Amino acid sequence: MRAAVVAAASLAMASGALLAAGPSQAAAGAAAPAAKTIAGSHPAWATPAGDAGSVPAGTEITGTVYLAGQDPAGLTAYATAVSDPASASYGQFLSPAQYQARFGATSAQIHAVTAWATGAGLKVVGSTEHAITVRGTDAAITKAFGTAIHQYRVGGQLRHAPARDVTVPASVSSAILGVNGLSSAGTRARPDSIRVDDTPGAAAKGTLVQKSGGTLPTTATCSDYWGQKSTTAGPAGYSKGATPFDQCSFYPSQLRKAYGITASGLTGKGATIAIVDAYGSSTMLADADQYAVNHGDKAFRNGQYTEHVDPSQWRDQDLCGGPEGWAPEEALDVEMAHGLAPDAKVVYVGADSCNDDDLLSAITTIVDQHLADVVSNSWGEIMHTTDNLDVSASEIAAYEQVFKQAAAEGIGIGFSAGDCGDSSPLAAATGANCQPDTARAQANWPDSDPWVTSVGGTALGIDSKSGSYGFETDMGTLRSNLSADGTSWVPAVPAPFYFGGGGGTSEDFAQPAYQRGSVPDSLSHTLMTGAHSRAAKRVTPDVSMVGDLYTSVLVGISDGADYSEGGYGGTSVSSPEFAAVQADALQARHHAIGFANPLLYAHPGQLRDVVDENAAQHARTPLSSIVDFGVINGSLTARLVAFGQDTSLNAVRGYDNATGLGTPTLSYLTGGRR
């Protein structure tokens, strides 16, 4: 499986001659088709020890057969060349119709796969130019794929899966990219954001110990800018002197000013941003309009916001948290996209579940119809789990095909990098938004794929009453609550990891060409486990923007209830922010940018290098803040937060695995013309 993944991720730069080669040339001299084994289709959790025999007679199994299309190697070459600023083919993007004619699955391929499936006794229950969904009994599955479906006892539950890796016959092997879904247990994505916890950390039963000159607020408080308010009251924390109160949650005009968008005069006019999440909020447009007006911005114009949502097709709501669980993420994404690019069109495409097949289908809808210039995805998952629910090679190949199609059509796709630092078991033990079944420290998926832009997070401080950019440090926080008697912090300082931007070296993907010379060998050749890799690997993130939970953004939401606003943090904030920046930059450049990574790495000087603020100031103690120091519902509450402590990830000069190349500047927005 891993060999297949690495091969799929290789990004050799294409020459003009290779670009000119058509499908017939690429296929010249190819060997006759042979039967193909689909690596990884028999999951690792389906062990002989747990084998409980065949599924009951009559049980119907559903699976997805992904289509390879025409000339996959040519697609890789074309997508690479049109995305590379150094290539003569840079920017020569295809329309969806041109893509389909040159690289998409042919009618003959679709017919051949359909005939093979139905000939084996399977029913075709869905068909697109990318995939064919089939359903049938164990007997039909066995005839089509060369293996029976067995039940397996795993953790006290029964799951079903192919008894061995499935195979497809020589007659259709060249038309099939992969097979997925024949197992009952698969991977599911989750939002990369959480709300700032506004419940009291502890009820003060005694009197708060105050230092000389310290004052205790009688209500919860926050600062309009970094350092505006501070206190010496309370137990000793990270700093010897006064500790600043946390900044109030940001709203879009503050972020536009801090990142140079206001100074640029850009609004994203002429660009379209797509947002992909699961399900859909019932009041998204009304909430976004009220949020914008509440903070001095304009509501969406008529037709500026559109949705592609079909509640009749929603499934697995209990497993995925349902629409109510995803509604805050949707509101966050739409409001940040609109807030930082107020004249760009925004289209929301809601997947029918949090399952990878449905999320991929949502992205495919955008790409096939060219609904947007840039796509933000604020969700993800880990690749390697303790229960062997790993991302499969077929899944990766199917996603990558659509990512390459997007690049060929001039559509940029971004993913949030996650909120669990290096995603290690140590981080997951105390992290607020971690996947608890992580097997080891690792880069996340899908943001680690070399064909997407991985967007990490920072903690942002704005400066003085002017609201100008103050500083950024890597998004990584330690958090303690005030003890019940008000005399200490719990956990004791230094606290364990609580929240941090994702990143790291992928063990699954080879280093893409655009990272050569920019990413230090010490990162690209060292896996997150500390093991040395002879071959250079993909490292994330690529860029970053503010997303720390305690330099949060305000989000407005009702979803059928009373409208309210609250602070949210996570790289889910960073991803739509960067998508909006891309929309602004597209307006300045007057043409599509497409897959942004080669351009980003070609001009690192247009990004602001973010370093650990503590190290930059040679501080012996972390940059810290007191959050909500005051009285809520009659109970004393306070949280002490340390910034820039992102597990094993470190923000250093140059490219790093905590903040990537850095954050956007006015120079990046305008293409270096100012």
# chains A, B, ... in the order shown; residues from 1 in each chain; ligands from 1
call {"tool": "residues_around", "arguments": {"residues": "Gly502 of chain A", "least_positions_apart": "4", "cutoff": "8 Å", "atoms": "only C-alpha atoms", "output": "count of residues only"}}
result
15
call {"tool": "select_by_dssp", "arguments": {"residues": "segment 454-576 of chain A", "states": "helix (DSSP H, G or I)", "output": "mmCIF file with all heavy atoms, in the first residue's frame"}}
result
data_model
loop_
_atom_site.group_PDB
_atom_site.id
_atom_site.type_symbol
_atom_site.label_atom_id
_atom_site.label_comp_id
_atom_site.auth_asym_id
_atom_site.auth_seq_id
_atom_site.Cartn_x
_atom_site.Cartn_y
_atom_site.Cartn_z
ATOM 1 N N ALA A 513 8.129 18.314 -5.834
ATOM 2 C CA ALA A 513 9.220 19.116 -6.391
ATOM 3 C C ALA A 513 9.232 20.525 -5.832
ATOM 4 O O ALA A 513 10.295 21.117 -5.622
ATOM 5 C CB ALA A 513 9.105 19.148 -7.912
ATOM 6 N N TYR A 514 8.047 21.097 -5.579
ATOM 7 C CA TYR A 514 8.018 22.494 -5.125
ATOM 8 C C TYR A 514 8.614 22.689 -3.728
ATOM 9 O O TYR A 514 8.962 23.802 -3.354
ATOM 10 C CB TYR A 514 6.590 23.058 -5.177
ATOM 11 C CG TYR A 514 5.541 22.261 -4.431
ATOM 12 C CD1 TYR A 514 5.445 22.301 -3.042
ATOM 13 C CD2 TYR A 514 4.616 21.482 -5.115
ATOM 14 C CE1 TYR A 514 4.481 21.582 -2.365
ATOM 15 C CE2 TYR A 514 3.635 20.759 -4.451
ATOM 16 C CZ TYR A 514 3.573 20.810 -3.065
ATOM 17 O OH TYR A 514 2.613 20.100 -2.395
ATOM 18 N N GLN A 515 8.756 21.611 -2.948
ATOM 19 C CA GLN A 515 9.351 21.758 -1.611
ATOM 20 C C GLN A 515 10.869 21.580 -1.613
ATOM 21 O O GLN A 515 11.517 21.902 -0.606
ATOM 22 C CB GLN A 515 8.721 20.755 -0.636
ATOM 23 C CG GLN A 515 7.321 21.142 -0.192
ATOM 24 C CD GLN A 515 6.882 20.422 1.071
ATOM 25 O OE1 GLN A 515 7.204 19.250 1.298
ATOM 26 N NE2 GLN A 515 6.144 21.124 1.920
ATOM 27 N N ASP A 521 16.387 19.539 5.043
ATOM 28 C CA ASP A 521 16.546 18.086 5.029
ATOM 29 C C ASP A 521 16.252 17.476 6.396
ATOM 30 O O ASP A 521 15.789 16.340 6.490
ATOM 31 C CB ASP A 521 17.968 17.714 4.605
ATOM 32 C CG ASP A 521 18.219 17.967 3.125
ATOM 33 O OD1 ASP A 521 17.241 18.200 2.387
ATOM 34 O OD2 ASP A 521 19.392 17.931 2.714
ATOM 35 N N SER A 522 16.531 18.237 7.452
ATOM 36 C CA SER A 522 16.292 17.728 8.802
ATOM 37 C C SER A 522 14.818 17.426 9.033
ATOM 38 O O SER A 522 14.478 16.587 9.882
ATOM 39 C CB SER A 522 16.778 18.735 9.845
ATOM 40 O OG SER A 522 16.122 19.989 9.679
ATOM 41 N N LEU A 523 13.937 18.087 8.278
ATOM 42 C CA LEU A 523 12.508 17.804 8.368
ATOM 43 C C LEU A 523 12.082 16.755 7.351
ATOM 44 O O LEU A 523 11.399 15.794 7.692
ATOM 45 C CB LEU A 523 11.691 19.085 8.152
ATOM 46 C CG LEU A 523 11.791 20.173 9.213
ATOM 47 C CD1 LEU A 523 10.927 21.360 8.822
ATOM 48 C CD2 LEU A 523 11.378 19.643 10.584
ATOM 49 N N SER A 524 12.474 16.924 6.103
ATOM 50 C CA SER A 524 11.973 16.044 5.042
ATOM 51 C C SER A 524 12.508 14.625 5.159
ATOM 52 O O SER A 524 11.913 13.694 4.604
ATOM 53 C CB SER A 524 12.320 16.623 3.664
ATOM 54 O OG SER A 524 13.720 16.722 3.494
ATOM 55 N N THR A 571 -7.553 25.305 13.072
ATOM 56 C CA THR A 571 -7.112 25.565 11.702
ATOM 57 C C THR A 571 -8.294 25.578 10.744
ATOM 58 O O THR A 571 -8.151 25.958 9.588
ATOM 59 C CB THR A 571 -6.059 24.538 11.242
ATOM 60 O OG1 THR A 571 -6.566 23.212 11.421
ATOM 61 C CG2 THR A 571 -4.770 24.696 12.037
ATOM 62 N N SER A 572 -9.484 25.197 11.223
ATOM 63 C CA SER A 572 -10.712 25.417 10.466
ATOM 64 C C SER A 572 -10.959 26.903 10.256
ATOM 65 O O SER A 572 -11.648 27.284 9.311
ATOM 66 C CB SER A 572 -11.910 24.823 11.205
ATOM 67 O OG SER A 572 -12.031 23.453 10.966
ATOM 68 N N VAL A 573 -10.447 27.726 11.142
ATOM 69 C CA VAL A 573 -10.496 29.177 10.946
ATOM 70 C C VAL A 573 -9.502 29.576 9.856
ATOM 71 O O VAL A 573 -9.806 30.353 8.950
ATOM 72 C CB VAL A 573 -10.174 29.919 12.254
ATOM 73 C CG1 VAL A 573 -10.153 31.429 12.033
ATOM 74 C CG2 VAL A 573 -11.158 29.553 13.353
ATOM 75 N N SER A 574 -8.322 29.018 9.924
ATOM 76 C CA SER A 574 -7.238 29.396 9.022
ATOM 77 C C SER A 574 -7.547 29.056 7.565
ATOM 78 O O SER A 574 -7.213 29.816 6.655
ATOM 79 C CB SER A 574 -5.947 28.680 9.443
ATOM 80 O OG SER A 574 -5.729 28.758 10.834
ATOM 81 N N SER A 575 -8.180 27.897 7.324
ATOM 82 C CA SER A 575 -8.414 27.450 5.956
ATOM 83 C C SER A 575 -9.330 28.386 5.166
ATOM 84 O O SER A 575 -8.969 28.813 4.066
ATOM 85 C CB SER A 575 -8.970 26.019 5.956
ATOM 86 O OG SER A 575 -9.165 25.554 4.638
ATOM 87 N N PRO A 576 -10.527 28.754 5.658
ATOM 88 C CA PRO A 576 -11.333 29.701 4.886
ATOM 89 C C PRO A 576 -10.716 31.088 4.819
ATOM 90 O O PRO A 576 -10.936 31.824 3.845
ATOM 91 C CB PRO A 576 -12.677 29.716 5.621
ATOM 92 C CG PRO A 576 -12.369 29.243 6.996
ATOM 93 C CD PRO A 576 -11.246 28.258 6.839
#
call {"tool": "residues_around", "arguments": {"residues": "Pro85 of chain A", "least_positions_apart": "6", "cutoff": "9 Å", "atoms": "only C-alpha atoms", "output": "PyMOL selection string"}}
result
chain A and resi 91+598-599+602
call {"tool": "write_last_selection", "arguments": {"atoms": "all heavy atoms", "output": "compact mmCIF listing (two decimals), in the first residue's frame"}}
result
# COMPACT_ATOMS: atom_id res chain seq x y z
N GLY A 91 -0.52 28.29 -16.19
CA GLY A 91 -1.78 28.99 -16.34
C GLY A 91 -2.63 28.59 -17.52
O GLY A 91 -3.71 29.14 -17.73
N PRO A 598 3.19 25.58 -5.83
CA PRO A 598 4.41 25.95 -6.56
C PRO A 598 4.65 27.47 -6.55
O PRO A 598 5.80 27.91 -6.44
CB PRO A 598 4.13 25.44 -7.97
CG PRO A 598 3.20 24.28 -7.76
CD PRO A 598 2.31 24.72 -6.65
N LEU A 599 3.59 28.26 -6.65
CA LEU A 599 3.72 29.72 -6.59
C LEU A 599 4.17 30.17 -5.21
O LEU A 599 5.05 31.04 -5.07
CB LEU A 599 2.39 30.38 -6.95
CG LEU A 599 2.34 31.91 -6.90
CD1 LEU A 599 3.24 32.50 -7.98
CD2 LEU A 599 0.90 32.41 -7.06
N ALA A 602 7.78 29.37 -4.70
CA ALA A 602 8.65 30.14 -5.59
C ALA A 602 8.88 31.56 -5.08
O ALA A 602 9.86 32.20 -5.46
CB ALA A 602 8.03 30.19 -7.00
call {"tool": "closest_residue", "arguments": {"among": "A:Val179, A:Gly50, A:Lys257, A:Gly121", "to": "Ser468 of chain A", "atoms": "only C-alpha atoms"}}
result
A:Lys257
call {"tool": "residues_around", "arguments": {"residues": "Ile363 of chain A", "least_positions_apart": "5", "cutoff": "8 Å", "atoms": "only C-alpha atoms", "output": "ChimeraX atom specification"}}
result
/A:276,349,402
call {"tool": "atom_distance", "arguments": {"atom1": "atom CA of Ile149 of chain A", "atom2": "atom CA of Thr59 of chain A"}}
result
9.8 Å
call {"tool": "closest_residue", "arguments": {"among": "A:Ala495, A:Ala299, A:Ala579, A:Ile557", "to": "Val543 of chain A", "atoms": "only C-alpha atoms"}}
result
A:Ala579
call {"tool": "closest_residue", "arguments": {"among": "A:Thr505, A:Ser239, A:Ser378, A:Gln511", "to": "Ala642 of chain A", "atoms": "only C-alpha atoms"}}
result
A:Ser239
call {"tool": "decode", "arguments": {"residues": "segment 291-315 of chain A", "atoms": "N, CA and C atoms", "output": "PDB file, in the first residue's frame"}}
result
ATOM      1  N   TYR A 291     -24.390  38.441  10.895  1.00  0.00           N
ATOM      2  CA  TYR A 291     -23.018  38.544  11.409  1.00  0.00           C
ATOM      3  C   TYR A 291     -22.282  39.690  10.731  1.00  0.00           C
ATOM      4  N   ALA A 292     -22.371  39.772   9.406  1.00  0.00           N
ATOM      5  CA  ALA A 292     -21.672  40.830   8.676  1.00  0.00           C
ATOM      6  C   ALA A 292     -22.154  42.206   9.107  1.00  0.00           C
ATOM      7  N   VAL A 293     -23.447  42.395   9.174  1.00  0.00           N
ATOM      8  CA  VAL A 293     -24.008  43.702   9.541  1.00  0.00           C
ATOM      9  C   VAL A 293     -23.648  44.054  10.979  1.00  0.00           C
ATOM     10  N   ASN A 294     -23.655  43.066  11.868  1.00  0.00           N
ATOM     11  CA  ASN A 294     -23.310  43.323  13.271  1.00  0.00           C
ATOM     12  C   ASN A 294     -21.905  43.887  13.422  1.00  0.00           C
ATOM     13  N   HIS A 295     -21.021  43.585  12.463  1.00  0.00           N
ATOM     14  CA  HIS A 295     -19.619  43.991  12.592  1.00  0.00           C
ATOM     15  C   HIS A 295     -19.196  44.974  11.509  1.00  0.00           C
ATOM     16  N   GLY A 296     -20.166  45.731  11.023  1.00  0.00           N
ATOM     17  CA  GLY A 296     -19.867  46.839  10.132  1.00  0.00           C
ATOM     18  C   GLY A 296     -19.609  46.475   8.694  1.00  0.00           C
ATOM     19  N   ASP A 297     -19.915  45.249   8.288  1.00  0.00           N
ATOM     20  CA  ASP A 297     -19.721  44.818   6.907  1.00  0.00           C
ATOM     21  C   ASP A 297     -21.065  44.681   6.206  1.00  0.00           C
ATOM     22  N   LYS A 298     -21.020  44.414   4.910  1.00  0.00           N
ATOM     23  CA  LYS A 298     -22.237  44.300   4.125  1.00  0.00           C
ATOM     24  C   LYS A 298     -22.697  42.845   4.057  1.00  0.00           C
ATOM     25  N   ALA A 299     -24.008  42.675   4.088  1.00  0.00           N
ATOM     26  CA  ALA A 299     -24.582  41.352   3.888  1.00  0.00           C
ATOM     27  C   ALA A 299     -24.319  40.886   2.458  1.00  0.00           C
ATOM     28  N   PHE A 300     -24.512  39.606   2.211  1.00  0.00           N
ATOM     29  CA  PHE A 300     -24.376  39.080   0.858  1.00  0.00           C
ATOM     30  C   PHE A 300     -25.359  39.780  -0.081  1.00  0.00           C
ATOM     31  N   ARG A 301     -24.904  40.109  -1.273  1.00  0.00           N
ATOM     32  CA  ARG A 301     -25.806  40.592  -2.314  1.00  0.00           C
ATOM     33  C   ARG A 301     -26.688  39.445  -2.795  1.00  0.00           C
ATOM     34  N   ASN A 302     -27.770  39.773  -3.435  1.00  0.00           N
ATOM     35  CA  ASN A 302     -28.645  38.753  -3.996  1.00  0.00           C
ATOM     36  C   ASN A 302     -27.876  37.883  -4.986  1.00  0.00           C
ATOM     37  N   GLY A 303     -27.843  36.583  -4.752  1.00  0.00           N
ATOM     38  CA  GLY A 303     -27.137  35.654  -5.622  1.00  0.00           C
ATOM     39  C   GLY A 303     -25.661  35.499  -5.330  1.00  0.00           C
ATOM     40  N   GLN A 304     -25.123  36.252  -4.375  1.00  0.00           N
ATOM     41  CA  GLN A 304     -23.692  36.155  -4.065  1.00  0.00           C
ATOM     42  C   GLN A 304     -23.382  34.880  -3.288  1.00  0.00           C
ATOM     43  N   TYR A 305     -24.370  34.384  -2.539  1.00  0.00           N
ATOM     44  CA  TYR A 305     -24.197  33.148  -1.776  1.00  0.00           C
ATOM     45  C   TYR A 305     -25.164  32.092  -2.316  1.00  0.00           C
ATOM     46  N   THR A 306     -24.649  30.899  -2.602  1.00  0.00           N
ATOM     47  CA  THR A 306     -25.489  29.799  -3.068  1.00  0.00           C
ATOM     48  C   THR A 306     -25.125  28.528  -2.311  1.00  0.00           C
ATOM     49  N   GLU A 307     -26.040  27.551  -2.348  1.00  0.00           N
ATOM     50  CA  GLU A 307     -25.828  26.291  -1.646  1.00  0.00           C
ATOM     51  C   GLU A 307     -26.149  25.106  -2.547  1.00  0.00           C
ATOM     52  N   HIS A 308     -25.418  24.013  -2.349  1.00  0.00           N
ATOM     53  CA  HIS A 308     -25.727  22.726  -2.956  1.00  0.00           C
ATOM     54  C   HIS A 308     -25.890  21.742  -1.799  1.00  0.00           C
ATOM     55  N   VAL A 309     -27.121  21.573  -1.344  1.00  0.00           N
ATOM     56  CA  VAL A 309     -27.423  20.749  -0.180  1.00  0.00           C
ATOM     57  C   VAL A 309     -28.686  19.950  -0.470  1.00  0.00           C
ATOM     58  N   ASP A 310     -28.671  18.652  -0.142  1.00  0.00           N
ATOM     59  CA  ASP A 310     -29.841  17.805  -0.366  1.00  0.00           C
ATOM     60  C   ASP A 310     -30.119  16.977   0.890  1.00  0.00           C
ATOM     61  N   PRO A 311     -30.928  17.513   1.820  1.00  0.00           N
ATOM     62  CA  PRO A 311     -31.194  16.787   3.075  1.00  0.00           C
ATOM     63  C   PRO A 311     -31.795  15.401   2.870  1.00  0.00           C
ATOM     64  N   SER A 312     -32.472  15.165   1.749  1.00  0.00           N
ATOM     65  CA  SER A 312     -33.069  13.844   1.523  1.00  0.00           C
ATOM     66  C   SER A 312     -32.016  12.756   1.367  1.00  0.00           C
ATOM     67  N   GLN A 313     -30.768  13.138   1.089  1.00  0.00           N
ATOM     68  CA  GLN A 313     -29.689  12.174   0.892  1.00  0.00           C
ATOM     69  C   GLN A 313     -28.762  12.040   2.105  1.00  0.00           C
ATOM     70  N   TRP A 314     -29.022  12.781   3.159  1.00  0.00           N
ATOM     71  CA  TRP A 314     -28.142  12.726   4.327  1.00  0.00           C
ATOM     72  C   TRP A 314     -28.182  11.349   4.976  1.00  0.00           C
ATOM     73  N   ARG A 315     -27.026  10.900   5.443  1.00  0.00           N
ATOM     74  CA  ARG A 315     -26.935   9.594   6.090  1.00  0.00           C
ATOM     75  C   ARG A 315     -25.895   9.632   7.204  1.00  0.00           C
TER      76      ARG A 315
END
